[in-house]
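Novice: One structure coming up, written as structure tokens, with questions to follow.
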Amino acid sequence: MLKIATWNVNSIKQREAACAAWLKQAAPDVLCLQELKCQTEGFPRGTFEDLGYNCAVLGQKSFNGVAILSKHPIDETITALPGDASDEQARYIEAAISLPGGGAIRAASIYAPNGNPAPSEKFDYKLAWLARLKAHAQTLLAYEEALALAGDYNIIPRAADVYNPAAWAEDALFRLESRAAFRRILHLGLTDAVMACDSRAGQYTFWDYQAGAWQKDQGLRIDHILLSPQALARLASAGIDRKPRSWDKPSDHTPVLVSLDL
DNA sequence: ATGGTAGCTGGGCTA
């Protein structure tokens, strides 16, 4: 069984120990990380290599930053989302991974822009970035491989994925433009793995640090794993591990996980 | 009620 996970850690330096602890207990084959908030050279590579993971890292000073950890060999890495050579934000990394027995899977770690306030230049950047992601996803789907696009999409797909939809109607995470952009990506032929297994409301992946959001379970489902048809055909289970959000000094996000029969 | 928290950085931005 191949386990692929995604986790926005909100600073890998603050979350290095938690990340190592979670890797030991959940033992994913692949972990996509977002919001490293460190430069590539500052990534605590040794900690993860000691646990048996290869690391592909795209860092940036202060903000953003994405990585892919893999127990299996990483053959090829792409460190930019095509479509805008002037975009310097570290929000996308993709790896082709060889599996034991001769198979392979392609995985991307995605950190989509937040986009608030909306409307604004930030919101325009979010929508443009999502359009680039759609174009690239179309390219990848043409390979007809097992593919997982995993990460923090900063999009609440449905009203059932937010504790108070009315309060979030004008937020960049829930605006119709954002949800439409997400839906256009799905319509290429990708499947939201958690929804494919269980479409109930309240499967949150993020709880704000403020106002006791975690204690009141006032969360959002904004972290997603999208699968190609070849990966979906092998989907065994998908879910959210809430435990790390309850730990001391947590990230505001918690991991999302899929198991594939590969 | 224009707060409240966290991280990076060294004042303000991002989320």
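Every chain in the structure tokens has a letter given in the order shown (A, B, ...), and although residue numbers restart at 1 in each chain, ligands are simply numbered from 1 in the order shown.
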Residues near Met195 in chain A, anyone? I mean within 10 Å using only C-alpha atoms (C1' of nucleotides), not counting same-chain ones fewer than 5 positions away, as a list in words.
Specialist: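 Close residues of Met195 in chain A: Arg200, Ala201, Gln203, His224, Ile225, Leu226, Ala238 and Gly239 of chain A.
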Novice: Output C-alpha atoms for every residue in that selection, as a PDB file, in the first residue's frame.
Specialist:
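Full text of out.pdb as output:
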```
ATOM      1  CA  ARG A 200     -19.852  14.278   4.738  1.00  0.00           C
ATOM      2  CA  ALA A 201     -19.654  17.831   6.074  1.00  0.00           C
ATOM      3  CA  GLN A 203     -13.987  17.175   7.477  1.00  0.00           C
ATOM      4  CA  HIS A 224      -6.834  18.522  -0.796  1.00  0.00           C
ATOM      5  CA  ILE A 225      -5.338  15.561  -2.635  1.00  0.00           C
ATOM      6  CA  LEU A 226      -6.468  15.368  -6.264  1.00  0.00           C
ATOM      7  CA  ALA A 238      -8.479   8.681   2.256  1.00  0.00           C
ATOM      8  CA  GLY A 239      -8.877  10.797   5.335  1.00  0.00           C
TER       9      GLY A 239
END
```
Novice: Applying 8 Å and only C-alpha atoms (C1' of nucleotides), which residues near Glu170 in chain A remain after dropping the ones on its own chain fewer than 4 positions away? List them as number ranges by chain.
Specialist: A: 118, 174-175
Novice: So which one's closest to Pro165 in chain A, A:Ser178, A:Gly52, A:Tyr209, A:Gln218? Using only C-alpha atoms, please.
Specialist: A:Gln218
Novice: At a cut-off of 8 Å, which residues of chain B touch chain A? Count only C-alpha atoms (C1' of nucleotides) and give the answer as a PyMOL selection string.
Specialist: chain B and resi 4-8+14-15
Novice: Give me a file of those residues, with N, CA, C and O atoms (P, O5', C5', C4', C3', O3' and C1' of nucleotides), as an mmCIF file, in the first residue's frame.
Specialist:
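Written output follows (selection12.cif):
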```cif
data_model
loop_
_atom_site.group_PDB
_atom_site.id
_atom_site.type_symbol
_atom_site.label_atom_id
_atom_site.label_comp_id
_atom_site.auth_asym_id
_atom_site.auth_seq_id
_atom_site.Cartn_x
_atom_site.Cartn_y
_atom_site.Cartn_z
ATOM 1 P P DG B 4 -6.597 42.043 21.266
ATOM 2 O "O5'" DG B 4 -6.662 40.479 21.034
ATOM 3 C "C5'" DG B 4 -7.642 39.685 21.698
ATOM 4 C "C4'" DG B 4 -7.843 38.375 20.969
ATOM 5 C "C3'" DG B 4 -6.535 37.706 20.517
ATOM 6 O "O3'" DG B 4 -6.101 36.795 21.517
ATOM 7 C "C1'" DG B 4 -8.116 37.790 18.711
ATOM 8 P P DT B 5 -4.582 36.445 21.692
ATOM 9 O "O5'" DT B 5 -4.255 35.523 20.442
ATOM 10 C "C5'" DT B 5 -4.874 34.259 20.303
ATOM 11 C "C4'" DT B 5 -4.131 33.440 19.273
ATOM 12 C "C3'" DT B 5 -2.636 33.276 19.562
ATOM 13 O "O3'" DT B 5 -2.291 31.923 19.320
ATOM 14 C "C1'" DT B 5 -2.948 34.181 17.404
ATOM 15 P P DA B 6 -0.843 31.362 19.876
ATOM 16 O "O5'" DA B 6 0.068 31.371 18.577
ATOM 17 C "C5'" DA B 6 -0.212 30.441 17.536
ATOM 18 C "C4'" DA B 6 0.611 30.784 16.321
ATOM 19 C "C3'" DA B 6 2.113 30.910 16.567
ATOM 20 O "O3'" DA B 6 2.737 29.823 15.898
ATOM 21 C "C1'" DA B 6 1.284 32.589 15.084
ATOM 22 P P DG B 7 4.322 29.566 16.174
ATOM 23 O "O5'" DG B 7 5.002 30.335 14.967
ATOM 24 C "C5'" DG B 7 4.791 29.857 13.630
ATOM 25 C "C4'" DG B 7 5.481 30.807 12.675
ATOM 26 C "C3'" DG B 7 6.914 31.175 13.075
ATOM 27 O "O3'" DG B 7 7.804 30.754 12.063
ATOM 28 C "C1'" DG B 7 5.663 33.094 12.444
ATOM 29 P P DC B 8 9.386 31.034 12.200
ATOM 30 O "O5'" DC B 8 9.600 32.351 11.336
ATOM 31 C "C5'" DC B 8 9.226 32.353 9.946
ATOM 32 C "C4'" DC B 8 9.485 33.722 9.352
ATOM 33 C "C3'" DC B 8 10.890 34.257 9.643
ATOM 34 O "O3'" DC B 8 11.368 34.952 8.499
ATOM 35 C "C1'" DC B 8 9.303 35.777 10.430
ATOM 36 P P DT B 14 2.083 41.279 2.260
ATOM 37 O "O5'" DT B 14 1.805 39.819 2.852
ATOM 38 C "C5'" DT B 14 2.859 38.875 2.917
ATOM 39 C "C4'" DT B 14 2.387 37.661 3.692
ATOM 40 C "C3'" DT B 14 0.992 37.175 3.283
ATOM 41 O "O3'" DT B 14 1.120 35.876 2.750
ATOM 42 C "C1'" DT B 14 1.266 37.208 5.651
ATOM 43 P P DA B 15 -0.129 35.207 2.011
ATOM 44 O "O5'" DA B 15 -0.845 34.462 3.215
ATOM 45 C "C5'" DA B 15 -0.126 33.493 3.982
ATOM 46 C "C4'" DA B 15 -0.923 33.151 5.220
ATOM 47 C "C3'" DA B 15 -2.399 32.866 4.994
ATOM 48 O "O3'" DA B 15 -2.685 31.520 5.315
ATOM 49 C "C1'" DA B 15 -2.053 34.130 6.952
#
```
Novice: For the atom pair CA of Ile78 in chain A and CA of Glu94 in chain A, what is the interatomic distance in Å to one decimal place?
Specialist: 5.0 Å
Novice: Distance table requested - range 104-140 of chain A against range 81-89 of chain A, cut-off 8 Å, only C-alpha atoms: one row per qualifying residue with the closest atom pair and its distance in Å to one decimal, ordered by chain and rising residue number, as a tab-separated table.
Specialist:
```
residue	atom	partner	partner_atom	distance
A:Arg132	CA	A:Gly83	CA	5.9
A:Leu133	CA	A:Leu81	CA	6.9
A:His136	CA	A:Pro82	CA	6.8
```
Novice: Write the residues of the selection above to a file with N, CA, C and O atoms, as a short mmCIF file (atom, residue, chain, number, x, y, z; two decimals), in the first residue's frame.
Specialist:
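Wrote it out as selection-v3.cif, contents follow:
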```
data_model
loop_
_atom_site.label_atom_id
_atom_site.label_comp_id
_atom_site.auth_asym_id
_atom_site.auth_seq_id
_atom_site.Cartn_x
_atom_site.Cartn_y
_atom_site.Cartn_z
N ARG A 132 -2.94 28.81 -14.07
CA ARG A 132 -1.68 28.15 -14.46
C ARG A 132 -1.65 26.71 -13.97
O ARG A 132 -1.16 25.82 -14.66
N LEU A 133 -2.16 26.51 -12.75
CA LEU A 133 -2.20 25.14 -12.22
C LEU A 133 -3.10 24.26 -13.09
O LEU A 133 -2.77 23.11 -13.38
N HIS A 136 -1.25 23.33 -16.26
CA HIS A 136 -0.21 22.32 -16.02
C HIS A 136 -0.82 20.96 -15.69
O HIS A 136 -0.31 19.93 -16.13
#
```
